[in-house]
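Participant: Just one file: input.cif, with mmCIF, C-alpha atoms.
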```
data_upload
#
loop_
_atom_site.label_atom_id
_atom_site.label_comp_id
_atom_site.auth_asym_id
_atom_site.auth_seq_id
_atom_site.Cartn_x
_atom_site.Cartn_y
_atom_site.Cartn_z
CA MET A 1 7.50 7.77 -26.91
CA GLU A 2 6.31 4.78 -28.91
CA LYS A 3 6.96 4.85 -32.64
CA ILE A 4 4.51 6.61 -34.93
CA SER A 5 4.53 6.96 -38.71
CA ILE A 6 5.54 10.30 -40.19
CA TYR A 7 2.74 9.89 -42.73
CA GLU A 8 0.26 9.56 -39.84
CA ILE A 9 1.68 12.69 -38.26
CA ALA A 10 1.53 14.58 -41.55
CA LYS A 11 -2.15 13.75 -41.92
CA ALA A 12 -2.92 14.79 -38.33
CA ILE A 13 -1.26 18.19 -38.66
CA GLY A 14 -2.45 18.88 -42.20
CA ALA A 15 1.09 19.02 -43.56
CA GLN A 16 2.24 19.12 -47.13
CA TYR A 17 4.70 16.25 -47.27
CA HIS A 18 5.80 14.04 -50.14
CA GLY A 19 9.05 12.69 -48.75
CA PRO A 20 9.99 9.20 -47.58
CA ASP A 21 7.98 7.39 -44.93
CA GLY A 22 9.60 6.66 -41.61
CA MET A 23 8.94 6.25 -37.91
CA VAL A 24 9.23 8.89 -35.18
CA ASP A 25 9.94 8.05 -31.54
CA HIS A 26 10.87 11.48 -30.19
CA ILE A 27 9.61 15.04 -30.72
CA SER A 28 11.66 18.11 -29.88
CA THR A 29 11.52 21.89 -30.23
CA ASP A 30 15.18 22.21 -29.21
CA SER A 31 17.82 21.38 -31.83
CA ARG A 32 20.22 20.57 -28.99
CA GLN A 33 17.97 17.73 -27.80
CA LEU A 34 17.64 15.30 -30.68
CA GLU A 35 17.09 11.73 -29.55
CA GLY A 36 16.35 8.57 -31.49
CA SER A 37 14.30 9.01 -34.65
CA CYS A 38 13.38 12.59 -33.87
CA LEU A 39 10.86 15.02 -35.37
CA PHE A 40 12.13 18.58 -34.89
CA VAL A 41 9.33 21.17 -34.69
CA ALA A 42 10.60 24.64 -35.49
CA LEU A 43 8.86 27.28 -33.36
CA GLU A 44 9.21 30.96 -34.15
CA GLY A 45 9.57 33.14 -31.05
CA GLU A 46 10.27 36.79 -30.36
CA ARG A 47 13.99 36.21 -29.96
CA VAL A 48 14.77 32.91 -31.67
CA ASP A 49 13.33 31.34 -34.82
CA GLY A 50 13.67 27.57 -34.79
CA HIS A 51 13.57 27.53 -38.59
CA CYS A 52 17.18 28.75 -38.57
CA PHE A 53 18.21 25.46 -36.95
CA ILE A 54 16.37 23.04 -39.25
CA PRO A 55 19.34 22.32 -41.59
CA GLN A 56 21.61 21.72 -38.62
CA ALA A 57 19.01 19.53 -36.89
CA LEU A 58 18.58 17.37 -40.00
CA ARG A 59 22.36 17.00 -40.30
CA GLU A 60 22.87 16.15 -36.65
CA GLY A 61 20.23 13.51 -36.07
CA ALA A 62 16.69 14.71 -36.68
CA ALA A 63 14.85 12.33 -39.00
CA PHE A 64 12.23 14.95 -39.98
CA ALA A 65 11.30 18.56 -39.31
CA VAL A 66 8.16 20.71 -39.33
CA ALA A 67 8.25 24.27 -40.69
CA HIS A 68 5.88 27.03 -41.72
CA HIS A 69 8.19 28.79 -44.15
CA LYS A 70 10.61 27.59 -46.80
CA VAL A 71 13.79 25.86 -45.68
CA GLU A 72 16.90 26.39 -47.76
CA GLY A 73 18.63 23.36 -49.22
CA ASP A 74 17.26 19.82 -49.27
CA ASP A 75 13.79 19.90 -47.71
CA SER A 76 12.67 16.39 -48.65
CA ARG A 77 12.27 15.53 -44.95
CA VAL A 78 10.44 18.74 -44.02
CA LEU A 79 6.69 18.83 -43.35
CA TYR A 80 5.19 22.22 -44.22
CA VAL A 81 2.23 23.62 -42.27
CA PRO A 82 0.60 27.08 -42.11
CA ASP A 83 1.75 27.57 -38.49
CA THR A 84 4.03 25.35 -36.41
CA PHE A 85 2.78 26.53 -33.00
CA PRO A 86 -0.33 24.25 -32.89
CA VAL A 87 1.64 21.25 -34.17
CA LEU A 88 2.64 19.88 -30.76
CA MET A 89 -0.97 19.94 -29.59
CA GLU A 90 -2.17 18.27 -32.79
CA ILE A 91 0.37 15.46 -32.51
CA ALA A 92 -0.40 15.08 -28.79
CA TYR A 93 -4.10 14.69 -29.62
CA LEU A 94 -3.22 11.95 -32.12
CA TYR A 95 -0.77 10.20 -29.78
CA ARG A 96 -2.99 10.36 -26.66
CA ARG A 97 -5.67 8.32 -28.40
CA ARG A 98 -3.34 5.36 -28.81
CA PHE A 99 -3.60 4.59 -25.09
CA SER A 100 -6.29 3.55 -22.65
CA VAL A 101 -5.03 5.33 -19.56
CA LYS A 102 -6.83 6.84 -16.57
CA THR A 103 -6.21 10.58 -16.51
CA VAL A 104 -6.48 13.24 -13.83
CA GLY A 105 -6.54 16.89 -14.89
CA VAL A 106 -5.46 19.46 -12.32
CA THR A 107 -5.87 23.23 -12.53
CA GLY A 108 -6.36 26.21 -10.21
CA SER A 109 -4.92 29.60 -9.35
CA VAL A 110 -2.74 28.28 -6.54
CA GLY A 111 -1.48 24.86 -5.52
CA LYS A 112 -1.95 22.89 -8.72
CA THR A 113 1.65 21.67 -8.98
CA THR A 114 1.81 20.53 -5.35
CA THR A 115 -1.63 18.94 -5.64
CA LYS A 116 -0.48 17.13 -8.78
CA GLU A 117 2.49 15.73 -6.83
CA PHE A 118 0.27 14.59 -3.95
CA ILE A 119 -2.16 12.93 -6.40
CA ALA A 120 0.66 11.10 -8.17
CA ALA A 121 1.96 9.83 -4.83
CA VAL A 122 -1.48 8.42 -4.04
CA LEU A 123 -2.12 6.85 -7.45
CA GLN A 124 1.29 5.17 -7.49
CA ARG A 125 -0.01 2.86 -4.76
CA LYS A 126 -2.11 1.11 -7.40
CA TYR A 127 -1.11 2.33 -10.87
CA ARG A 128 2.04 2.86 -12.88
CA THR A 129 1.69 6.63 -12.95
CA LEU A 130 2.97 9.35 -15.26
CA LYS A 131 2.89 12.97 -14.09
CA SER A 132 3.69 16.37 -15.55
CA GLN A 133 7.26 17.38 -14.80
CA GLY A 134 7.57 20.63 -12.87
CA ASN A 135 4.88 22.96 -14.13
CA GLN A 136 4.82 21.68 -17.73
CA ASN A 137 1.22 22.75 -18.12
CA ASN A 138 0.79 24.78 -21.31
CA GLU A 139 0.52 24.16 -25.07
CA ILE A 140 4.15 23.08 -25.18
CA GLY A 141 4.60 21.48 -21.77
CA LEU A 142 1.47 19.33 -21.79
CA PRO A 143 2.26 17.69 -25.16
CA ASN A 144 5.78 16.95 -23.90
CA THR A 145 4.19 15.00 -21.04
CA ILE A 146 1.76 13.22 -23.38
CA PHE A 147 4.70 12.11 -25.53
CA ARG A 148 6.09 10.28 -22.48
CA LEU A 149 3.09 7.92 -22.49
CA ASP A 150 3.71 4.31 -23.42
CA SER A 151 1.80 1.06 -23.09
CA SER A 152 3.09 0.49 -19.55
CA VAL A 153 1.46 3.65 -18.12
CA GLN A 154 -1.83 3.03 -16.31
CA ALA A 155 -2.60 6.51 -14.96
CA ALA A 156 -1.48 10.06 -15.75
CA VAL A 157 -1.73 13.20 -13.63
CA LEU A 158 -1.63 16.22 -15.89
CA GLU A 159 -1.40 19.82 -14.80
CA MET A 160 -3.24 22.45 -16.87
CA GLY A 161 -2.28 26.10 -16.75
CA MET A 162 -3.62 29.09 -18.60
CA SER A 163 -3.05 32.76 -19.27
CA ALA A 164 -6.28 33.51 -21.14
CA LEU A 165 -9.77 32.19 -21.78
CA GLY A 166 -9.70 29.19 -24.09
CA ASP A 167 -6.29 27.88 -23.04
CA ILE A 168 -7.55 25.09 -20.78
CA SER A 169 -10.29 24.27 -23.28
CA LYS A 170 -7.60 23.22 -25.76
CA LEU A 171 -5.68 21.20 -23.16
CA THR A 172 -8.63 19.31 -21.72
CA ARG A 173 -9.73 18.06 -25.14
CA ILE A 174 -6.39 16.27 -25.39
CA VAL A 175 -6.34 14.97 -21.82
CA GLU A 176 -10.03 14.01 -21.52
CA PRO A 177 -9.79 13.79 -17.70
CA ASP A 178 -11.43 10.86 -15.98
CA VAL A 179 -11.18 12.98 -12.82
CA GLY A 180 -10.86 16.77 -12.66
CA VAL A 181 -9.51 18.94 -9.84
CA ILE A 182 -9.73 22.72 -9.39
CA THR A 183 -7.71 23.79 -6.36
CA ASN A 184 -8.55 27.46 -5.98
CA ILE A 185 -9.84 30.58 -7.69
CA GLY A 186 -7.57 33.47 -6.75
CA VAL A 187 -6.24 36.55 -8.52
CA SER A 188 -3.36 35.13 -10.56
CA HIS A 189 -3.76 36.26 -14.21
CA MET A 190 -5.97 39.16 -13.17
CA GLU A 191 -3.92 41.30 -15.54
CA ARG A 192 -5.36 39.45 -18.54
CA LEU A 193 -8.70 38.18 -17.32
CA GLY A 194 -9.85 41.20 -15.33
CA SER A 195 -11.97 39.48 -12.66
CA ARG A 196 -12.07 36.38 -10.48
CA GLU A 197 -15.32 35.42 -12.19
CA ASN A 198 -13.48 35.29 -15.51
CA ILE A 199 -10.72 33.24 -13.88
CA LEU A 200 -13.38 30.79 -12.64
CA LYS A 201 -14.82 30.60 -16.15
CA ALA A 202 -11.36 29.84 -17.56
CA LYS A 203 -10.64 27.14 -14.97
CA LEU A 204 -14.01 25.47 -15.49
CA GLU A 205 -13.02 24.85 -19.09
CA ILE A 206 -11.43 21.68 -17.72
CA THR A 207 -14.92 20.16 -17.63
CA GLU A 208 -15.27 20.38 -21.43
CA GLY A 209 -13.08 17.30 -21.82
CA MET A 210 -14.88 15.27 -19.14
CA VAL A 211 -17.62 12.73 -19.83
CA ASP A 212 -20.98 12.80 -18.07
CA GLY A 213 -20.76 11.42 -14.54
CA ALA A 214 -17.03 12.01 -14.16
CA PRO A 215 -15.87 13.21 -10.72
CA LEU A 216 -14.87 16.87 -10.36
CA LEU A 217 -13.17 17.77 -7.07
CA LEU A 218 -13.43 21.40 -5.93
CA CYS A 219 -12.21 23.24 -2.85
CA GLY A 220 -15.40 23.91 -0.93
CA ASP A 221 -13.76 26.61 1.19
CA ASN A 222 -13.20 28.79 -1.87
CA ASP A 223 -16.02 31.31 -2.19
CA LEU A 224 -16.45 30.88 -5.95
CA LEU A 225 -15.82 27.15 -6.26
CA SER A 226 -18.25 26.36 -3.44
CA GLN A 227 -21.07 27.75 -5.60
CA VAL A 228 -20.30 25.63 -8.67
CA LYS A 229 -23.08 23.33 -9.84
CA ILE A 230 -22.63 21.08 -12.87
CA PRO A 231 -25.47 18.53 -12.92
CA ARG A 232 -23.89 16.33 -15.58
CA LEU A 233 -20.76 15.75 -13.44
CA ARG A 234 -20.25 14.21 -10.01
CA VAL A 235 -19.10 17.27 -8.10
CA LEU A 236 -17.27 16.55 -4.82
CA PHE A 237 -16.09 19.21 -2.39
CA TYR A 238 -13.11 19.05 -0.05
CA GLY A 239 -12.27 21.60 2.62
CA ILE A 240 -11.67 22.51 6.23
CA ASP A 241 -14.31 25.09 7.20
CA ASN A 242 -17.29 24.28 4.97
CA PRO A 243 -19.44 21.61 6.68
CA MET A 244 -21.00 20.68 3.31
CA CYS A 245 -17.72 19.21 2.05
CA GLN A 246 -17.55 15.45 1.57
CA ILE A 247 -13.82 15.31 2.45
CA THR A 248 -12.72 17.43 5.42
CA ALA A 249 -9.88 17.95 7.89
CA SER A 250 -9.75 18.89 11.56
CA HIS A 251 -7.23 19.16 14.43
CA ILE A 252 -4.52 20.60 12.18
CA ALA A 253 -1.14 20.96 13.89
CA GLU A 254 2.28 21.92 12.56
CA ARG A 255 5.39 20.41 14.07
CA GLU A 256 8.92 21.71 14.41
CA ASP A 257 10.22 18.93 12.17
CA GLY A 258 8.37 20.49 9.22
CA THR A 259 5.40 18.12 9.17
CA THR A 260 1.69 18.87 9.45
CA CYS A 261 -0.71 16.50 11.21
CA PHE A 262 -4.48 16.43 10.90
CA ASP A 263 -7.51 14.19 11.03
CA LEU A 264 -9.09 13.46 7.63
CA ILE A 265 -12.82 12.74 7.72
CA TYR A 266 -14.43 10.84 4.85
CA GLU A 267 -17.72 8.91 4.73
CA GLY A 268 -18.05 9.07 8.51
CA ASN A 269 -14.59 7.67 9.22
CA THR A 270 -11.56 9.51 10.62
CA TYR A 271 -8.02 8.89 9.40
CA PRO A 272 -4.95 10.42 11.12
CA VAL A 273 -2.65 11.94 8.47
CA THR A 274 0.88 13.33 8.63
CA ILE A 275 2.29 15.14 5.59
CA PRO A 276 5.98 16.12 5.31
CA THR A 277 5.28 19.77 4.54
CA LEU A 278 3.85 22.80 6.28
CA GLY A 279 0.64 24.72 6.25
CA ARG A 280 -3.11 24.69 5.99
CA HIS A 281 -2.84 25.21 2.22
CA ASN A 282 -1.02 21.88 1.92
CA VAL A 283 -3.79 20.20 3.88
CA TYR A 284 -6.13 21.28 1.07
CA ASN A 285 -3.74 19.77 -1.48
CA ALA A 286 -3.63 16.50 0.44
CA LEU A 287 -7.44 16.38 0.76
CA ALA A 288 -7.77 16.76 -3.01
CA ALA A 289 -5.31 13.91 -3.57
CA PHE A 290 -7.16 11.68 -1.12
CA GLY A 291 -10.38 12.44 -2.99
CA VAL A 292 -8.87 11.53 -6.34
CA GLY A 293 -7.62 8.30 -4.85
CA ALA A 294 -11.07 7.47 -3.54
CA CYS A 295 -12.53 8.06 -7.01
CA MET A 296 -9.92 5.78 -8.58
CA GLY A 297 -10.12 2.81 -6.25
CA ILE A 298 -7.33 3.63 -3.80
CA SER A 299 -8.23 2.51 -0.27
CA PRO A 300 -8.22 5.21 2.46
CA GLN A 301 -5.34 3.51 4.25
CA GLN A 302 -3.26 3.33 1.07
CA ALA A 303 -3.96 7.01 0.38
CA VAL A 304 -3.01 8.07 3.91
CA GLU A 305 0.27 6.17 3.70
CA ALA A 306 1.02 7.71 0.32
CA LEU A 307 0.37 11.25 1.58
CA GLY A 308 2.94 10.63 4.29
CA ASP A 309 5.52 9.65 1.65
CA TYR A 310 5.02 12.81 -0.43
CA GLU A 311 8.25 14.66 -1.24
CA PRO A 312 8.20 18.42 -1.99
CA SER A 313 9.53 19.13 -5.49
CA GLY A 314 11.76 21.91 -6.74
CA MET A 315 11.68 25.13 -4.74
CA ARG A 316 8.16 24.68 -3.39
CA GLN A 317 8.32 24.98 0.38
CA LYS A 318 11.41 22.84 0.62
CA ILE A 319 12.71 23.01 4.18
CA VAL A 320 16.49 23.29 4.48
CA GLN A 321 18.51 23.38 7.71
CA HIS A 322 21.67 25.41 7.21
CA GLY A 323 23.97 26.89 9.84
CA GLY A 324 21.42 26.27 12.59
CA ILE A 325 18.81 28.27 10.68
CA THR A 326 15.65 26.91 9.05
CA PHE A 327 15.10 28.10 5.48
CA VAL A 328 11.91 27.52 3.52
CA GLU A 329 12.76 27.58 -0.18
CA ASP A 330 9.54 28.71 -1.82
CA CYS A 331 10.89 30.55 -4.85
CA TYR A 332 8.85 28.94 -7.60
CA ASN A 333 5.74 31.07 -7.63
CA ALA A 334 3.88 33.80 -5.78
CA SER A 335 0.39 35.28 -5.70
CA PRO A 336 -1.60 37.13 -3.04
CA ASP A 337 -3.23 33.87 -1.99
CA SER A 338 -0.01 31.89 -1.71
CA MET A 339 1.73 34.78 0.07
CA ALA A 340 -1.08 34.88 2.62
CA ALA A 341 -0.79 31.11 3.09
CA ALA A 342 2.98 31.43 3.60
CA LEU A 343 2.55 34.17 6.21
CA GLU A 344 -0.11 32.18 8.04
CA THR A 345 2.21 29.19 8.23
CA LEU A 346 5.24 31.30 9.11
CA ALA A 347 3.36 32.95 11.98
CA HIS A 348 2.49 29.63 13.60
CA TYR A 349 5.63 27.65 12.83
CA PRO A 350 7.18 26.37 16.10
CA VAL A 351 10.65 27.89 16.19
CA SER A 352 13.03 28.92 18.99
CA GLY A 353 14.25 32.09 17.28
CA LYS A 354 12.73 34.79 15.11
CA ARG A 355 10.60 34.55 11.98
CA TYR A 356 11.60 36.45 8.83
CA ALA A 357 9.90 36.82 5.45
CA VAL A 358 12.06 37.36 2.34
CA PHE A 359 9.63 38.39 -0.39
CA ALA A 360 10.04 39.46 -4.01
CA ASP A 361 7.52 40.76 -6.52
CA MET A 362 4.31 38.95 -7.42
CA LEU A 363 3.96 39.17 -11.20
CA GLU A 364 1.02 39.35 -13.64
CA LEU A 365 -1.37 41.15 -11.27
CA GLY A 366 -2.10 44.14 -13.50
CA GLU A 367 -4.13 46.94 -11.93
CA ILE A 368 -4.36 45.23 -8.54
CA SER A 369 -0.58 44.85 -8.19
CA VAL A 370 0.14 47.86 -5.96
CA GLN A 371 -2.76 47.15 -3.60
CA SER A 372 -1.95 43.42 -3.49
CA HIS A 373 1.66 44.03 -2.49
CA TYR A 374 0.55 46.59 0.09
CA ASP A 375 -1.97 44.13 1.55
CA VAL A 376 0.62 41.35 1.85
CA GLY A 377 2.90 43.73 3.76
CA ALA A 378 0.05 44.73 6.05
CA LEU A 379 -0.74 41.07 6.67
CA ALA A 380 2.91 40.43 7.60
CA ALA A 381 2.54 43.08 10.30
CA ARG A 382 -0.72 41.63 11.59
CA LYS A 383 0.84 38.18 11.78
CA LYS A 384 3.56 39.73 13.94
CA ILE A 385 6.52 38.26 12.12
CA ASP A 386 9.86 39.68 13.22
CA GLY A 387 11.05 41.19 9.96
CA LEU A 388 10.41 41.59 6.23
CA PHE A 389 13.09 41.79 3.53
CA ALA A 390 11.77 42.89 0.12
CA PHE A 391 13.19 42.94 -3.41
CA GLY A 392 11.67 44.14 -6.69
CA GLN A 393 9.94 47.18 -8.13
CA GLN A 394 6.55 46.31 -6.68
CA ALA A 395 8.02 44.95 -3.44
CA VAL A 396 8.43 48.47 -2.11
CA TYR A 397 4.70 48.32 -1.42
CA TYR A 398 5.21 45.32 0.87
CA CYS A 399 7.27 47.61 3.05
CA LYS A 400 4.79 50.46 2.81
CA GLY A 401 1.92 48.22 3.91
CA ALA A 402 4.01 46.60 6.64
CA ALA A 403 5.33 49.88 8.05
CA GLU A 404 1.92 51.56 8.08
CA SER A 405 0.52 48.52 9.89
CA GLY A 406 3.19 48.62 12.58
CA LEU A 407 5.91 46.14 11.55
CA PRO A 408 9.10 47.57 13.11
CA TYR A 409 11.60 45.92 10.74
CA CYS A 410 10.89 46.04 7.02
CA ARG A 411 13.49 46.93 4.39
CA HIS A 412 13.47 47.16 0.62
CA PHE A 413 16.60 46.42 -1.42
CA PRO A 414 17.53 47.42 -4.98
CA THR A 415 19.55 44.23 -5.62
CA ARG A 416 19.48 40.60 -4.54
CA GLU A 417 23.09 40.87 -3.38
CA GLU A 418 22.37 43.72 -1.00
CA MET A 419 19.37 41.89 0.39
CA ALA A 420 21.38 38.72 0.92
CA GLN A 421 24.05 40.61 2.84
CA ALA A 422 21.46 42.28 5.07
CA ILE A 423 19.87 38.90 5.80
CA LEU A 424 23.27 37.45 6.70
CA GLU A 425 23.87 40.31 9.11
CA THR A 426 20.49 39.79 10.78
CA ILE A 427 19.69 36.10 11.12
CA GLN A 428 20.84 33.93 14.02
CA PRO A 429 20.75 30.18 14.79
CA GLY A 430 17.22 29.17 15.70
CA ASP A 431 15.60 31.59 13.24
CA LEU A 432 13.21 30.74 10.42
CA VAL A 433 13.58 32.43 7.02
CA TRP A 434 10.79 32.03 4.44
CA VAL A 435 11.95 32.95 0.92
CA LYS A 436 9.17 33.52 -1.61
CA GLY A 437 8.54 35.36 -4.88
CA SER A 438 7.45 34.85 -8.45
CA ARG A 439 9.73 32.59 -10.49
CA GLY A 440 10.97 35.46 -12.63
CA MET A 441 12.42 37.19 -9.56
CA GLU A 442 15.04 34.41 -9.15
CA LEU A 443 15.24 34.49 -5.36
CA GLU A 444 17.28 31.28 -5.43
CA GLN A 445 20.23 33.58 -6.15
CA VAL A 446 19.74 35.11 -2.70
CA LEU A 447 19.73 31.67 -1.13
CA GLY A 448 22.89 30.76 -3.01
CA ILE A 449 24.74 33.72 -1.52
CA ILE A 450 23.46 33.01 1.98
CA TYR A 451 24.31 29.29 1.88
CA LYS A 452 27.80 30.09 0.65
CA GLU A 453 28.56 32.54 3.45
CA CYS A 454 26.35 31.32 6.31
#
```
Starting from the coordinates I provided, produce the structure as structure tokens.
Facilitator:
Amino acid sequence: MEKISIYEIAKAIGAQYHGPDGMVDHISTDSRQLEGSCLFVALEGERVDGHCFIPQALREGAAFAVAHHKVEGDDSRVLYVPDTFPVLMEIAYLYRRRFSVKTVGVTGSVGKTTTKEFIAAVLQRKYRTLKSQGNQNNEIGLPNTIFRLDSSVQAAVLEMGMSALGDISKLTRIVEPDVGVITNIGVSHMERLGSRENILKAKLEITEGMVDGAPLLLCGDNDLLSQVKIPRLRVLFYGIDNPMCQITASHIAEREDGTTCFDLIYEGNTYPVTIPTLGRHNVYNALAAFGVGACMGISPQQAVEALGDYEPSGMRQKIVQHGGITFVEDCYNASPDSMAAALETLAHYPVSGKRYAVFADMLELGEISVQSHYDVGALAARKKIDGLFAFGQQAVYYCKGAAESGLPYCRHFPTREEMAQAILETIQPGDLVWVKGSRGMELEQVLGIIYKEC
């Protein structure tokens, strides 16, 4: 972060502050992470109140702090505001406007983090590119990314998440995307928003920060996105099945080495592409990234080469060979759409042995949770995988749907440890094991046990 005056910050956040002036070059909400001339923002949560750590933070390196209730002792370096929660966004708004940088905003129900990574790979061919780390995409995570901007950054790819209407509206007014991307409208967050139409409305808030004529890339194979019309923007569609899309793919083939090959068609030309990850859903992500590149002056050949250099991040479909068995570590997130995509890929993956799904609960589905888990289990049976291992309270419905649809081997386990042991007793060299569940289900613990003993 480049230095910024504490007086300037105080004005931006509407703080009462009469202490000494000074410069800030780091902002933190964690008193254990105080770097440089740091401003510590005390957030009050359900379990921990950051205000309790302000005296310690000021003693141990913080230059200033922000609080919304009185701090005991010397508070000459404390900025008082009515509520500290909006402070990060307010400072990010101030700081973002210091830089002339090309920005890409990415949102969607499924695939936004992987799409962000693909886009960054493409833009790096021409620009010094900043990207959101992991899924830092909310009112805390996005400002943390903005604070990493400096005068050397030429482009930024920023992921935008939401849990309710209005969330993306706040984020996009900071980012002001030069290019927007919406990957998918699924059923994630149905618990709060109630319908896919409301989810579409929430995702389209990204356009509020975009100027007239800016490109907006949408997945044309999605039933709701394909109907979007925004005359003031340049709407571009990418897809596989919809012939009206401007960026399309054909001849998709998955290889045993974990790559996917396809032909990308754009402006009448065909470009052979190989991406180092599996599945039709990742073809969509790559098409979106190619489209962003085209809008930002990246040549088709540069974009194709960059897509081939993409590296999966975290536990998002990372392929691991262990003990002669292929594991797909996909433990970062789960929704009905991404589960269906995983099963589709699993069913067609070229493998010498058997194919197993290791699934945990999908969270935040509300009233559709039981039916969604049941439907995923039924789909596993229709895709004729060889076995399903399930963990979690809702995961029992995977097994119910699978069994009633004819899958011979489907078992539910009360603990991760018991599931791991059953997997170890079942799998053989040559098999493929796809491990997927919502982040809160911590399926990486299952993988840890298996890798240790396999």
Participant: Give me the residues within 12 Å of Gly73 in chain A as a VMD selection string, counting only C-alpha atoms and dropping any in the same chain fewer than 4 places off.
Facilitator: chain A and resid 54 to 56 58 to 59 77 to 78
Participant: Give me, as a PyMOL selection string, all polymer residues having an atom no more than 6 Å from range 351-360 of chain A, counting only C-alpha atoms and skipping those fewer than 4 positions away in the same chain.
Facilitator: chain A and resi 385-392+395+430-437
Participant: So what do you get for CA of Lys126 in chain A versus CA of Gly108 in chain A, distance-wise?
Facilitator: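 About the pair CA of Lys126 in chain A and CA of Gly108 in chain A: they are 25.6 Å apart.
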Participant: Tell me which of A:Phe327, A:Tyr17, A:Tyr349, A:Tyr451 sits closest to Lys383 in chain A, counting all atoms listed in the file.
Facilitator: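 Selected residue with least distance to Lys383 in chain A: A:Tyr349.
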Participant: Check which residues satisfy the PyMOL selection byres ((chain A and resi 244) around 12) in the file shown, then give them as a ChimeraX atom specification.
Facilitator: /A:218-221,226-227,236-243,245-248,266
Participant: Between A:Arg255, A:His68, A:Arg382, A:Lys201, which has the minimum distance to Gly279 in chain A (counting only C-alpha atoms)?
Facilitator: A:Arg255
Participant: Have a look at CA of Leu171 in chain A and CA of Ile206 in chain A and let me know their distance in Å, one decimal.
Facilitator: 7.9 Å
Participant: Mind giving me the straight-line distance from CA of Gly111 in chain A to CA of Leu200 in chain A in Å, one decimal?
Facilitator: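 One can read the CA of Gly111 in chain A to CA of Leu200 in chain A distance as 15.1 Å.
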Participant: For this structure, which residues satisfy the selection - the PyMOL selection byres ((chain A and resi 10) around 12) - when it is evaluated on the file as given? I want them as an MDAnalysis selection string.
Facilitator: chainID A and resid 4:9 11:24 39 64:67 77:81 87 90:91 94
Participant: Please evaluate the PyMOL selection byres ((chain A and resi 294) around 12) against the displayed coordinates and give the resulting residues as a list of chain:residue names.
Facilitator: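 Listing what the PyMOL selection byres ((chain A and resi 294) around 12) selects in the shown file: A:Ile119, A:Val122, A:Leu123, A:Lys126, A:Val179, A:Pro215, A:Leu217, A:Leu236, A:Gln246, A:Ile247, A:Tyr266, A:Glu267, A:Leu287, A:Ala288, A:Ala289, A:Phe290, A:Gly291, A:Val292, A:Gly293, A:Cys295, A:Met296, A:Gly297, A:Ile298, A:Ser299, A:Pro300, A:Gln301, A:Gln302, A:Ala303, A:Val304.
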Participant: Extract, using only C-alpha atoms, all DNA, RNA and protein residues at most 12 Å from Gly366 in chain A, discarding same-chain residues fewer than 5 positions from it, and format them as a PDB file with C-alpha atoms, in the coordinates of the input.
Facilitator:
```pdb
ATOM      1  CA  VAL A 187      -6.240  36.550  -8.520  1.00  0.00           C
ATOM      2  CA  SER A 188      -3.360  35.130 -10.560  1.00  0.00           C
ATOM      3  CA  HIS A 189      -3.760  36.260 -14.210  1.00  0.00           C
ATOM      4  CA  MET A 190      -5.970  39.160 -13.170  1.00  0.00           C
ATOM      5  CA  GLU A 191      -3.920  41.300 -15.540  1.00  0.00           C
ATOM      6  CA  ARG A 192      -5.360  39.450 -18.540  1.00  0.00           C
ATOM      7  CA  LEU A 193      -8.700  38.180 -17.320  1.00  0.00           C
ATOM      8  CA  GLY A 194      -9.850  41.200 -15.330  1.00  0.00           C
ATOM      9  CA  SER A 195     -11.970  39.480 -12.660  1.00  0.00           C
ATOM     10  CA  GLN A 371      -2.760  47.150  -3.600  1.00  0.00           C
ATOM     11  CA  SER A 372      -1.950  43.420  -3.490  1.00  0.00           C
ATOM     12  CA  HIS A 373       1.660  44.030  -2.490  1.00  0.00           C
ATOM     13  CA  GLN A 394       6.550  46.310  -6.680  1.00  0.00           C
TER      14      GLN A 394
END
```
Participant: Do a neighbour search on Arg439 in chain A at 10 Å with all atoms listed in the file, toss out local chain neighbours closer than 4 positions, and write the hits as a list in words.
Facilitator: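 Counting only the stated atoms, we get Met315, Asp330, Cys331, Tyr332, Asn333, Ala334, Ala360, Asp361, Met362, Leu363, Leu443 and Glu444 of chain A.
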Participant: Print the selection's residues with C-alpha atoms to a file, as a compact mmCIF listing (two decimals), keeping the file's coordinate frame.
Facilitator:
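Final output, part13.txt:
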```
# COMPACT_ATOMS: atom_id res chain seq x y z
CA MET A 315 11.68 25.13 -4.74
CA ASP A 330 9.54 28.71 -1.82
CA CYS A 331 10.89 30.55 -4.85
CA TYR A 332 8.85 28.94 -7.60
CA ASN A 333 5.74 31.07 -7.63
CA ALA A 334 3.88 33.80 -5.78
CA ALA A 360 10.04 39.46 -4.01
CA ASP A 361 7.52 40.76 -6.52
CA MET A 362 4.31 38.95 -7.42
CA LEU A 363 3.96 39.17 -11.20
CA LEU A 443 15.24 34.49 -5.36
CA GLU A 444 17.28 31.28 -5.43
```
Participant: Which polymer residues, protein or nucleic acid, are no farther than 12 Å from (25.1, 28.2, 2.2), counting all atoms listed in the file, as an MDAnalysis selection string?
Facilitator: chainID A and resid 320:327 420 424 444:454
Participant: Within 8 Å of Asn285 in chain A, counting all atoms listed in the file, which residues qualify if same-chain residues fewer than 5 places away don't, as a list of chain:residue names?
Facilitator: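 Answer for this query is A:Gly111, A:Thr114, A:Thr115, A:Phe118, A:Thr183.
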Participant: Quick one: residues within 9 Å of (2.8, 51.8, 1.5) (file frame), counting all atoms listed in the file, please, as a PyMOL selection string.
Facilitator: chain A and resi 370-371+373-374+377-378+396-404
